[in-house]
Structures are given as structure tokens and as C-alpha cells.
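final-v7.cif follows; it contains mmCIF, C-alpha atoms.
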data_query
#
loop_
_atom_site.label_atom_id
_atom_site.label_comp_id
_atom_site.auth_asym_id
_atom_site.auth_seq_id
_atom_site.Cartn_x
_atom_site.Cartn_y
_atom_site.Cartn_z
CA MET A 1 28.01 -2.91 180.79
CA VAL A 2 31.66 -2.17 181.54
CA PHE A 3 34.32 -4.79 181.14
CA GLN A 4 37.82 -5.03 179.77
CA TYR A 5 37.96 -7.49 176.92
CA PRO A 6 41.76 -7.90 176.84
CA SER A 7 41.60 -9.46 180.31
CA LEU A 8 39.27 -12.16 178.98
CA CYS A 9 40.73 -15.28 177.46
CA ARG A 10 39.66 -16.06 173.90
CA ARG A 11 37.29 -18.81 175.02
CA ASN A 12 35.41 -16.52 177.45
CA GLY A 13 35.39 -13.71 174.89
CA LEU A 14 33.80 -16.03 172.39
CA ARG A 15 31.14 -17.02 174.95
CA LEU A 16 30.41 -13.35 175.56
CA PHE A 17 30.13 -12.73 171.81
CA ALA A 18 27.78 -15.72 171.50
CA TRP A 19 25.57 -14.27 174.24
CA LEU A 20 25.66 -10.85 172.53
CA GLN A 21 24.27 -12.44 169.36
CA HIS A 22 21.21 -13.44 171.36
CA HIS A 23 20.93 -10.41 173.64
CA LEU A 24 21.84 -7.45 171.44
CA ARG A 25 21.46 -8.69 167.89
CA LYS A 26 18.28 -10.69 168.75
CA LYS A 27 19.48 -13.80 166.91
CA ASP A 28 18.25 -17.19 168.08
CA ARG A 29 20.88 -18.88 165.92
CA PHE A 30 24.30 -17.61 164.91
CA SER A 31 27.29 -18.69 162.86
CA THR A 32 31.06 -18.33 163.09
CA THR A 33 30.68 -15.33 160.78
CA ASP A 34 28.49 -13.61 163.39
CA ILE A 35 31.09 -14.22 166.11
CA ASN A 36 33.89 -12.97 163.86
CA TRP A 37 31.79 -9.85 163.19
CA CYS A 38 32.17 -9.01 166.90
CA TYR A 39 35.95 -9.37 166.71
CA LYS A 40 36.09 -7.15 163.63
CA ALA A 41 33.74 -4.55 165.15
CA LEU A 42 36.19 -4.24 168.08
CA SER A 43 39.24 -4.25 165.77
CA PHE A 44 40.48 -7.56 167.19
CA LYS A 45 42.01 -10.31 165.13
CA PRO A 46 39.40 -13.11 164.83
CA SER A 47 40.26 -16.27 166.71
CA ASN A 48 39.87 -19.86 165.63
CA THR A 49 36.14 -19.52 166.21
CA THR A 50 35.12 -23.01 165.15
CA GLN A 51 37.62 -24.61 167.54
CA TYR A 52 36.44 -22.54 170.50
CA LEU A 53 32.78 -23.19 169.67
CA MET A 54 33.50 -26.93 169.73
CA GLU A 55 35.13 -26.53 173.18
CA GLY A 56 31.98 -24.77 174.42
CA ARG A 57 29.77 -27.83 173.90
CA GLY A 58 27.06 -28.03 176.49
CA GLU A 59 26.80 -24.23 176.65
CA LEU A 60 26.95 -23.47 172.94
CA LEU A 61 24.91 -25.97 170.98
CA GLN A 62 24.80 -26.64 167.25
CA ASP A 63 21.99 -27.86 165.03
CA LYS A 64 21.12 -27.61 161.33
CA GLN A 65 20.25 -23.90 161.69
CA GLY A 66 23.53 -22.93 163.37
CA TYR A 67 24.79 -22.41 166.89
CA HIS A 68 22.64 -21.35 169.83
CA CYS A 69 23.07 -20.76 173.56
CA GLU A 70 21.91 -23.33 176.11
CA GLY A 71 19.28 -22.11 178.63
CA LYS A 72 21.45 -22.16 181.79
CA PHE A 73 24.24 -20.40 179.87
CA LEU A 74 21.80 -17.66 178.78
CA ALA A 75 20.48 -17.27 182.33
CA LYS A 76 24.00 -16.90 183.74
CA TYR A 77 25.09 -14.33 181.16
CA ASN A 78 21.77 -12.46 181.42
CA ALA A 79 22.31 -12.22 185.19
CA ASP A 80 25.93 -11.09 184.76
CA TYR A 81 25.62 -8.72 181.80
CA GLY A 82 21.93 -8.24 180.98
CA ILE A 83 19.58 -5.42 181.86
CA HIS A 84 18.70 -5.52 185.56
CA ASN A 85 15.47 -4.41 187.22
CA ILE A 86 17.15 -1.31 188.69
CA THR A 87 18.04 -0.15 185.18
CA LEU A 88 14.47 -0.63 184.02
CA ASN A 89 13.13 1.24 187.07
CA ILE A 90 15.44 4.21 186.48
CA ARG A 91 14.50 4.35 182.79
CA GLU A 92 10.81 4.41 183.71
CA LYS A 93 11.37 7.20 186.27
CA VAL A 94 13.22 9.30 183.70
CA LYS A 95 10.35 8.85 181.24
CA ASN A 96 7.88 9.92 183.93
CA LEU A 97 10.06 12.88 184.91
CA ILE A 98 9.90 14.26 181.38
CA ASN A 99 6.11 14.38 181.67
CA ALA A 100 6.29 16.05 185.11
CA VAL A 101 8.71 18.86 184.11
CA PRO A 102 6.81 21.88 182.82
CA ASP A 103 7.62 23.22 179.38
CA VAL A 104 10.26 25.96 179.71
CA GLY A 105 8.63 27.85 176.83
CA GLU A 106 5.41 28.14 178.81
CA LYS A 107 7.20 29.64 181.84
CA VAL A 108 9.02 32.29 179.77
CA ALA A 109 5.84 33.58 178.18
#
Would you give me this structure, written as C-alpha cells?
Amino acid sequence: MVFQYPSLCRRNGLRLFAWLQHHLRKKDRFSTTDINWCYKALSFKPSNTTQYLMEGRGELLQDKQGYHCEGKFLAKYNADYGIHNITLNIREKVKNLINAVPDVGEKVA
């Protein structure tokens, strides 16, 4: 995944960070602290996370357990930034190639 974060506005960056909580960190629910962790990990100054999460209503939902991503939102971001079938196919071919390549130690002997 290659993108330039500075070109994203804060609101879209926060949406991306919300999706990353689900996709990379495997969290069904997340908090403002989790979003701010992303900013800190990238050495960015955290935004007014709560305000932007409130503006994302409909896509970023809140319940008693925290915030979570709405289904259509997840599908869109998975399609844009997730792992695609071509990536999975190439990974599988590389795994199979390792088994097909003879051991160099055997050829030298």
C-alpha cells in the first residue's frame, strides 16, 4: 500500500486510521486513543480525533464498546487499500516456488 499521507485531509486520514484498526490491528472496536496511536506512530501531531469521528457518522459508528466501521465503509476501504487476489496469488506462487527449487547444498555435494 503506497500513499502519501500529507496529501490527505485530516478527516480522510482519520478514516484511513479507523480502517487500519480493523484491517491491520484486528480490532472490531477502537477508541480515540487507538486513532491517536496511528498519528504518534507516524510522528504526526494528533488531530481533534473526537470531533472528526463525530463528523464521520454513518461510516464510523459508536456504541458502548467504542467506535467501529460501518459495513459499506469497510468494503470500500478493503477494495481500495486491502489485500487483493493478485497479491494472494503471487504469495502462493512464491511459497510453491520454494518447494520446487532444489537445495543448493545437495547440488554442490
Report, in Å to a single decimal, how far apart atom CA of Cys69 of chain A and atom CA of Glu92 of chain A are.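 Atom-to-atom, atom CA of Glu92 of chain A to atom CA of Cys69 of chain A, that is 29.8 Å.
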Could you tell me which residues the PyMOL selection byres ((chain A and resi 35-41) around 12) returns for this structure, as a PyMOL selection string? chain A and resi 5-6+10-11+13-22+24-25+27+29-34+42-50+52-53+66-68
For the residues in the current selection, export C-alpha atoms as a JSON list (two decimals), keeping the file's coordinate frame.
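Output (result_36.json):
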[["chain", "number", "residue", "atom", "x", "y", "z"],
["A", 5, "TYR", "CA", 37.96, -7.49, 176.92],
["A", 6, "PRO", "CA", 41.76, -7.90, 176.84],
["A", 10, "ARG", "CA", 39.66, -16.06, 173.90],
["A", 11, "ARG", "CA", 37.29, -18.81, 175.02],
["A", 13, "GLY", "CA", 35.39, -13.71, 174.89],
["A", 14, "LEU", "CA", 33.80, -16.03, 172.39],
["A", 15, "ARG", "CA", 31.14, -17.02, 174.95],
["A", 16, "LEU", "CA", 30.41, -13.35, 175.56],
["A", 17, "PHE", "CA", 30.13, -12.73, 171.81],
["A", 18, "ALA", "CA", 27.78, -15.72, 171.50],
["A", 19, "TRP", "CA", 25.57, -14.27, 174.24],
["A", 20, "LEU", "CA", 25.66, -10.85, 172.53],
["A", 21, "GLN", "CA", 24.27, -12.44, 169.36],
["A", 22, "HIS", "CA", 21.21, -13.44, 171.36],
["A", 24, "LEU", "CA", 21.84, -7.45, 171.44],
["A", 25, "ARG", "CA", 21.46, -8.69, 167.89],
["A", 27, "LYS", "CA", 19.48, -13.80, 166.91],
["A", 29, "ARG", "CA", 20.88, -18.88, 165.92],
["A", 30, "PHE", "CA", 24.30, -17.61, 164.91],
["A", 31, "SER", "CA", 27.29, -18.69, 162.86],
["A", 32, "THR", "CA", 31.06, -18.33, 163.09],
["A", 33, "THR", "CA", 30.68, -15.33, 160.78],
["A", 34, "ASP", "CA", 28.49, -13.61, 163.39],
["A", 42, "LEU", "CA", 36.19, -4.24, 168.08],
["A", 43, "SER", "CA", 39.24, -4.25, 165.77],
["A", 44, "PHE", "CA", 40.48, -7.56, 167.19],
["A", 45, "LYS", "CA", 42.01, -10.31, 165.13],
["A", 46, "PRO", "CA", 39.40, -13.11, 164.83],
["A", 47, "SER", "CA", 40.26, -16.27, 166.71],
["A", 48, "ASN", "CA", 39.87, -19.86, 165.63],
["A", 49, "THR", "CA", 36.14, -19.52, 166.21],
["A", 50, "THR", "CA", 35.12, -23.01, 165.15],
["A", 52, "TYR", "CA", 36.44, -22.54, 170.50],
["A", 53, "LEU", "CA", 32.78, -23.19, 169.67],
["A", 66, "GLY", "CA", 23.53, -22.93, 163.37],
["A", 67, "TYR", "CA", 24.79, -22.41, 166.89],
["A", 68, "HIS", "CA", 22.64, -21.35, 169.83]]
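In this structure, atom CA of Glu55 of chain A sits 19.6 Å away from atom CA of Ala75 of chain A.
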Between atom CA of Lys64 of chain A and atom CA of Asn12 of chain A, what is the spacing in Å?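 Calculated distance between atom CA of Asn12 of chain A and atom CA of Lys64 of chain A is 24.2 Å.
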